[in-house]
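Text of start_32.txt, listed as compact mmCIF, C-alpha atoms:
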```
# COMPACT_ATOMS: atom_id res chain seq x y z
CA GLY H 1 -16.00 -4.09 -50.82
CA ASP H 2 -19.53 -4.40 -49.50
CA SER H 3 -21.15 -7.77 -50.04
CA VAL H 4 -24.03 -10.00 -49.02
CA THR H 5 -23.91 -13.76 -48.75
CA GLN H 6 -27.08 -15.77 -48.47
CA MET H 7 -27.67 -19.47 -48.36
CA GLU H 8 -27.83 -21.31 -51.63
CA GLY H 9 -31.15 -22.66 -52.75
CA PRO H 10 -33.38 -24.05 -53.74
CA VAL H 11 -35.14 -24.66 -50.46
CA THR H 12 -38.15 -26.96 -50.49
CA LEU H 13 -40.43 -27.16 -47.45
CA SER H 14 -43.77 -28.64 -46.60
CA GLU H 15 -46.59 -26.31 -45.68
CA GLU H 16 -46.47 -25.18 -42.01
CA ALA H 17 -42.75 -25.93 -41.72
CA PHE H 18 -40.33 -23.47 -40.09
CA LEU H 19 -38.22 -21.39 -42.46
CA THR H 20 -34.77 -19.92 -42.00
CA ILE H 21 -32.82 -18.31 -44.81
CA ASN H 22 -29.37 -17.24 -43.68
CA CYS H 23 -27.87 -13.91 -44.69
CA THR H 24 -24.54 -12.42 -43.65
CA TYR H 25 -22.95 -9.21 -44.82
CA THR H 26 -19.69 -7.31 -45.08
CA ALA H 27 -19.90 -3.54 -45.10
CA THR H 28 -18.08 -0.42 -44.10
CA GLY H 29 -20.01 1.75 -41.71
CA TYR H 30 -23.50 0.94 -40.55
CA PRO H 31 -25.71 -0.30 -43.36
CA SER H 32 -29.45 -0.68 -43.50
CA LEU H 33 -30.56 -4.23 -44.22
CA PHE H 34 -33.45 -5.46 -46.32
CA TRP H 35 -35.23 -8.57 -47.46
CA TYR H 36 -36.91 -8.35 -50.85
CA VAL H 37 -39.21 -11.01 -52.30
CA GLN H 38 -39.89 -11.82 -55.94
CA TYR H 39 -43.01 -13.86 -56.60
CA PRO H 40 -43.20 -15.78 -59.89
CA GLY H 41 -43.57 -13.42 -62.83
CA GLU H 42 -43.45 -10.30 -60.68
CA GLY H 43 -40.95 -7.61 -59.73
CA LEU H 44 -39.12 -7.24 -56.44
CA GLN H 45 -41.12 -6.17 -53.42
CA LEU H 46 -39.74 -5.00 -50.12
CA LEU H 47 -40.59 -7.59 -47.49
CA LEU H 48 -38.98 -6.05 -44.41
CA LYS H 49 -36.10 -3.88 -43.30
CA ALA H 50 -33.97 -2.90 -40.32
CA THR H 51 -31.90 0.25 -40.11
CA LYS H 52 -29.79 -0.26 -37.00
CA ALA H 53 -28.34 -2.95 -34.79
CA ASP H 54 -30.85 -5.05 -32.82
CA ASP H 55 -33.78 -3.76 -34.87
CA LYS H 56 -36.26 -6.44 -35.88
CA GLY H 57 -38.08 -6.11 -39.16
CA SER H 58 -41.32 -8.00 -39.61
CA ASN H 59 -44.05 -8.40 -42.21
CA LYS H 60 -46.51 -11.11 -43.29
CA GLY H 61 -45.26 -13.42 -40.54
CA PHE H 62 -41.63 -13.07 -41.61
CA GLU H 63 -39.02 -11.66 -39.22
CA ALA H 64 -35.35 -10.76 -39.35
CA THR H 65 -33.14 -9.22 -36.65
CA TYR H 66 -30.13 -7.02 -37.43
CA ARG H 67 -27.22 -8.65 -35.57
CA LYS H 68 -24.15 -6.44 -35.71
CA GLU H 69 -21.99 -8.82 -33.67
CA THR H 70 -22.49 -11.63 -36.16
CA THR H 71 -23.09 -9.37 -39.20
CA SER H 72 -26.24 -11.30 -39.94
CA PHE H 73 -29.85 -10.70 -40.92
CA HIS H 74 -31.44 -14.14 -41.13
CA LEU H 75 -35.01 -14.41 -42.40
CA GLU H 76 -37.43 -16.59 -40.43
CA LYS H 77 -41.06 -17.62 -40.57
CA GLY H 78 -42.71 -19.98 -38.15
CA SER H 79 -45.18 -21.60 -40.54
CA VAL H 80 -44.78 -21.25 -44.29
CA GLN H 81 -47.60 -21.41 -46.81
CA VAL H 82 -47.69 -22.43 -50.45
CA SER H 83 -48.18 -18.76 -51.31
CA ASP H 84 -44.74 -17.98 -49.82
CA SER H 85 -43.07 -19.75 -52.74
CA ALA H 86 -40.81 -17.11 -54.26
CA VAL H 87 -37.20 -15.96 -54.53
CA TYR H 88 -35.92 -14.08 -51.49
CA PHE H 89 -33.09 -11.55 -51.71
CA CYS H 90 -31.12 -10.14 -48.82
CA ALA H 91 -29.69 -6.67 -49.48
CA LEU H 92 -27.79 -3.88 -47.81
CA LEU H 93 -27.68 -0.13 -48.29
CA VAL H 94 -24.55 1.59 -47.11
CA SER H 95 -25.68 5.19 -47.25
CA GLY H 96 -28.30 7.48 -48.70
CA ASN H 97 -28.92 7.12 -52.39
CA THR H 98 -26.48 4.39 -53.23
CA PRO H 99 -27.22 1.14 -54.99
CA LEU H 100 -28.47 -1.79 -53.02
CA VAL H 101 -25.99 -4.64 -52.72
CA PHE H 102 -27.88 -7.89 -53.18
CA GLY H 103 -27.25 -11.47 -52.30
CA LYS H 104 -27.72 -14.02 -55.07
CA GLY H 105 -31.23 -14.93 -53.95
CA THR H 106 -32.73 -18.06 -52.44
CA ARG H 107 -35.57 -19.82 -54.19
CA LEU H 108 -38.18 -21.21 -51.78
CA SER H 109 -40.75 -23.78 -52.84
CA VAL H 110 -43.48 -24.72 -50.39
CA ILE H 111 -45.46 -27.86 -51.14
CA ALA H 112 -48.89 -28.72 -49.76
CA GLY W 1 -48.87 6.40 -61.35
CA ALA W 2 -48.73 4.70 -57.99
CA GLY W 3 -45.64 2.64 -58.69
CA VAL W 4 -42.58 2.39 -60.88
CA SER W 5 -43.50 1.47 -64.44
CA GLN W 6 -41.27 0.10 -67.17
CA SER W 7 -41.76 -0.39 -70.87
CA PRO W 8 -41.78 -2.51 -72.84
CA SER W 9 -42.49 -5.46 -70.59
CA ASN W 10 -40.88 -7.79 -73.14
CA LYS W 11 -38.48 -7.07 -75.96
CA VAL W 12 -37.15 -9.53 -78.49
CA THR W 13 -34.44 -8.23 -80.78
CA GLU W 14 -31.83 -9.50 -83.17
CA LYS W 15 -28.16 -9.47 -82.37
CA GLY W 16 -26.57 -6.18 -83.42
CA LYS W 17 -29.72 -4.06 -83.09
CA ASP W 18 -30.07 -1.16 -80.63
CA VAL W 19 -32.74 -1.20 -77.93
CA GLU W 20 -34.19 1.42 -75.59
CA LEU W 21 -35.76 0.56 -72.26
CA ARG W 22 -37.87 3.09 -70.40
CA CYS W 23 -38.49 3.66 -66.71
CA ASP W 24 -41.08 5.94 -65.13
CA PRO W 25 -40.26 6.36 -61.44
CA ILE W 26 -42.65 7.14 -58.63
CA SER W 27 -43.51 10.83 -58.79
CA GLY W 28 -41.21 12.89 -56.59
CA HIS W 29 -38.55 10.23 -56.15
CA THR W 30 -35.17 11.88 -56.56
CA ALA W 31 -33.09 8.76 -57.11
CA LEU W 32 -33.44 6.21 -59.89
CA TYR W 33 -31.55 2.95 -60.32
CA TRP W 34 -31.05 0.39 -63.05
CA TYR W 35 -30.23 -3.25 -62.26
CA ARG W 36 -29.94 -6.35 -64.39
CA GLN W 37 -31.16 -9.79 -63.39
CA SER W 38 -29.65 -12.63 -65.36
CA LEU W 39 -30.37 -16.31 -64.91
CA GLY W 40 -27.88 -17.65 -62.43
CA GLN W 41 -26.23 -14.25 -61.93
CA GLY W 42 -28.47 -12.63 -59.37
CA LEU W 43 -29.04 -8.89 -59.37
CA GLU W 44 -26.37 -6.69 -60.87
CA PHE W 45 -26.22 -2.92 -60.39
CA LEU W 46 -25.82 -0.92 -63.61
CA ILE W 47 -26.20 2.81 -62.93
CA TYR W 48 -28.01 5.26 -60.70
CA PHE W 49 -29.21 8.84 -61.01
CA GLN W 50 -29.57 11.53 -58.42
CA GLY W 51 -31.80 14.01 -60.18
CA ASN W 52 -30.56 14.09 -63.77
CA SER W 53 -26.94 13.31 -63.00
CA ALA W 54 -25.37 9.89 -62.71
CA PRO W 55 -22.81 9.85 -59.87
CA ASP W 56 -22.14 6.15 -60.29
CA LYS W 57 -21.84 4.50 -63.68
CA SER W 58 -19.48 1.83 -62.47
CA GLY W 59 -21.83 -1.05 -63.13
CA LEU W 60 -22.33 -0.49 -66.85
CA PRO W 61 -20.85 -3.64 -68.40
CA SER W 62 -19.50 -2.02 -71.57
CA ASP W 63 -19.56 1.20 -73.59
CA ARG W 64 -22.51 -0.21 -75.55
CA PHE W 65 -24.64 0.63 -72.50
CA SER W 66 -25.74 4.17 -71.74
CA ALA W 67 -28.53 5.82 -69.79
CA GLU W 68 -30.04 9.21 -69.36
CA ARG W 69 -32.63 10.85 -67.20
CA THR W 70 -34.49 13.99 -68.09
CA GLY W 71 -36.53 16.38 -65.98
CA GLY W 72 -35.65 14.41 -62.87
CA SER W 73 -38.20 11.84 -63.96
CA VAL W 74 -38.19 9.38 -66.87
CA SER W 75 -35.03 7.42 -67.60
CA THR W 76 -33.97 5.54 -70.72
CA LEU W 77 -31.41 2.75 -70.78
CA THR W 78 -29.96 2.22 -74.25
CA ILE W 79 -28.05 -0.84 -75.37
CA GLN W 80 -26.29 -0.52 -78.72
CA ARG W 81 -25.32 -3.42 -80.94
CA THR W 82 -26.98 -5.94 -78.64
CA GLN W 83 -25.29 -9.25 -77.95
CA GLN W 84 -26.81 -12.51 -76.76
CA GLU W 85 -25.20 -12.07 -73.35
CA ASP W 86 -27.30 -8.92 -72.91
CA SER W 87 -30.40 -11.11 -72.56
CA ALA W 88 -31.75 -10.53 -69.06
CA VAL W 89 -34.49 -8.81 -67.09
CA TYR W 90 -33.69 -5.13 -66.65
CA LEU W 91 -35.10 -3.69 -63.44
CA CYS W 92 -35.61 -0.06 -62.54
CA ALA W 93 -36.09 1.24 -59.00
CA SER W 94 -36.66 4.66 -57.48
CA SER W 95 -36.44 6.11 -54.00
CA LEU W 96 -36.73 9.22 -51.91
CA LEU W 97 -33.58 10.38 -50.22
CA TYR W 98 -32.46 7.88 -47.56
CA ASN W 99 -35.42 5.56 -48.10
CA GLU W 100 -35.92 2.10 -49.47
CA GLN W 101 -36.01 1.47 -53.19
CA PHE W 102 -39.22 0.56 -55.00
CA PHE W 103 -38.91 -1.65 -58.04
CA GLY W 104 -40.74 -1.77 -61.33
CA PRO W 105 -41.87 -5.04 -62.95
CA GLY W 106 -38.88 -5.16 -65.26
CA THR W 107 -38.28 -5.47 -68.99
CA ARG W 108 -37.38 -8.93 -70.24
CA LEU W 109 -34.87 -8.55 -73.08
CA THR W 110 -34.17 -11.47 -75.38
CA VAL W 111 -31.43 -11.13 -77.97
CA LEU W 112 -31.64 -13.75 -80.69
```
If you took the structure in this file and wrote it as structure tokens, what would it be?
Amino acid sequence: GDSVTQMEGPVTLSEEAFLTINCTYTATGYPSLFWYVQYPGEGLQLLLKATKADDKGSNKGFEATYRKETTSFHLEKGSVQVSDSAVYFCALLVSGNTPLVFGKGTRLSVIA
Amino acid sequence: GAGVSQSPSNKVTEKGKDVELRCDPISGHTALYWYRQSLGQGLEFLIYFQGNSAPDKSGLPSDRFSAERTGGSVSTLTIQRTQQEDSAVYLCASSLLYNEQFFGPGTRLTVL
């Protein structure tokens, strides 16, 4: 079945460090890929998305590129801030109005 | 409203009681989804609606769980005879056809 695997957390970084959170997927067809973020005490928010191979999603300094050949959608940010501390979820959508398939989430803590 | 709303935000109940959780989707969104977020379990799909019908109920964990949607809008998730393992944050999301899902803030359910 369809699945998403993302790196286990927690990840702790110093402010201004480079961030990579790995995400790989297994899916039939050509899914859309998403990163959602959950800040402490809040609901999930869409961070970025990519709908086809080689697309790059970007938002708030975060980027992820849809790599069909490696079935990956790794999240990166060049310089993290304390305010980026949150749980990050990689997800895929196989078609239309179907449920998102989520990874288990990666907790990021950024310390000043 | 501008976003997905859920009520109550917190619910504490005793084992064996029934609970109802409510979701108000974004106006005009045709699809509505329920997920469950448990500590250490990530995000688990429960059920989704297209209009008032539920094409996929495969995620409901037991027959104590049921959901309905009326008027293509508000949805209610009902858990009968609650058990301690039902304690979790229940998330609702809505979407337009073939678009990303927008999440509500969730209902935190605690079963004592």
**Asked** Near W:Val19, within 8 Å and counting only C-alpha atoms, which residues show up once chain neighbours fewer than 2 positions away are dropped, as a list in words?
**Response**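 That gives Thr13, Lys17, Leu21, Thr78, Ile79, Gln80 and Thr82 of chain W.
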What are the closest atom pairs, with distances in Å to one decimal, for all residues of chain W lying within 8 Å of chain H? Consider all atoms listed in the file, order rows by chain and residue number, and present the result as JSON lines.
```
{"residue": "W:Ala31", "atom": "CA", "partner": "H:Asn97", "partner_atom": "CA", "distance": 6.5}
{"residue": "W:Tyr33", "atom": "CA", "partner": "H:Pro99", "partner_atom": "CA", "distance": 7.1}
{"residue": "W:Gln41", "atom": "CA", "partner": "H:Lys104", "partner_atom": "CA", "distance": 7.0}
{"residue": "W:Gly42", "atom": "CA", "partner": "H:Lys104", "partner_atom": "CA", "distance": 4.6}
{"residue": "W:Leu43", "atom": "CA", "partner": "H:Phe102", "partner_atom": "CA", "distance": 6.4}
{"residue": "W:Glu44", "atom": "CA", "partner": "H:Phe102", "partner_atom": "CA", "distance": 7.9}
{"residue": "W:Phe45", "atom": "CA", "partner": "H:Pro99", "partner_atom": "CA", "distance": 6.8}
{"residue": "W:Tyr48", "atom": "CA", "partner": "H:Pro99", "partner_atom": "CA", "distance": 7.1}
{"residue": "W:Gln50", "atom": "CA", "partner": "H:Asn97", "partner_atom": "CA", "distance": 7.5}
{"residue": "W:Leu91", "atom": "CA", "partner": "H:Gly43", "partner_atom": "CA", "distance": 8.0}
{"residue": "W:Ser95", "atom": "CA", "partner": "H:Asn97", "partner_atom": "CA", "distance": 7.8}
{"residue": "W:Leu97", "atom": "CA", "partner": "H:Asn97", "partner_atom": "CA", "distance": 6.1}
{"residue": "W:Tyr98", "atom": "CA", "partner": "H:Gly96", "partner_atom": "CA", "distance": 4.3}
{"residue": "W:Asn99", "atom": "CA", "partner": "H:Gly96", "partner_atom": "CA", "distance": 7.4}
{"residue": "W:Phe102", "atom": "CA", "partner": "H:Gln45", "partner_atom": "CA", "distance": 7.2}
{"residue": "W:Phe103", "atom": "CA", "partner": "H:Leu44", "partner_atom": "CA", "distance": 5.8}
{"residue": "W:Gly104", "atom": "CA", "partner": "H:Gly43", "partner_atom": "CA", "distance": 6.1}
{"residue": "W:Pro105", "atom": "CA", "partner": "H:Gly43", "partner_atom": "CA", "distance": 4.2}
{"residue": "W:Gly106", "atom": "CA", "partner": "H:Gly43", "partner_atom": "CA", "distance": 6.4}
```
**Request:** Take atom CA of H:Gly78 and atom CA of H:Tyr25 and report the distance between them in Å, one decimal.
**Result:**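 These two atoms are separated by 23.5 Å.
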**Request:** Counting only C-alpha atoms, figure out which residue out of H:Thr51, H:Ser109, H:Thr12, H:Thr26 gets nearest to H:Val82.
**Result:**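 The closest residue to H:Val82 is H:Ser109.
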**Request:** In Å, rounded to a single decimal, give me how far atom CA of W:Leu96 is from atom CA of H:Phe62.
**Result:** 25.0 Å
**Item:** Top pick for closest residue to W:Leu32, considering W:Leu109, W:Ala2, W:Ala93, W:Ala54 and counting all atoms listed in the file
**Value:** W:Ala93
**Request:** To one decimal in Å, tell me the separation between atom CA of W:Gly72 and atom CA of W:Gly3.
**Result:**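 Computing it gives 16.0 Å between the two atoms.
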**Message:** Give me, as a list of chain:residue names, all polymer residues having an atom no more than 6 Å from stretch 6-10 of chain W, counting all atoms listed in the file and skipping those fewer than 4 positions away in the same chain.
**Reply:**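 Final neighbour list, sorted by chain and number: W:Arg22, W:Cys23, W:Thr107, W:Arg108.
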**Message:** For stretch 68-70 of chain W, find every residue with an atom within 8 Å (counting all atoms listed in the file), except residues of its own chain fewer than 4 positions away, and show them as a list in words.
**Reply:**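 Result of the neighbour search: Phe49, Gly51, Asn52, Ser53, Val74, Ser75, Thr76 and Leu77 of chain W.
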**Prompt:** Which is closer to W:Ala67 than all the others in W:Val4, W:Thr30, W:Pro25, W:Glu20, using only C-alpha atoms?
**Reply:** W:Glu20
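Among H:Ala53, H:Leu19, H:Pro31, H:Val37, the residue with the shortest atom-to-atom distance to H:Leu92, counting only C-alpha atoms, is H:Pro31.
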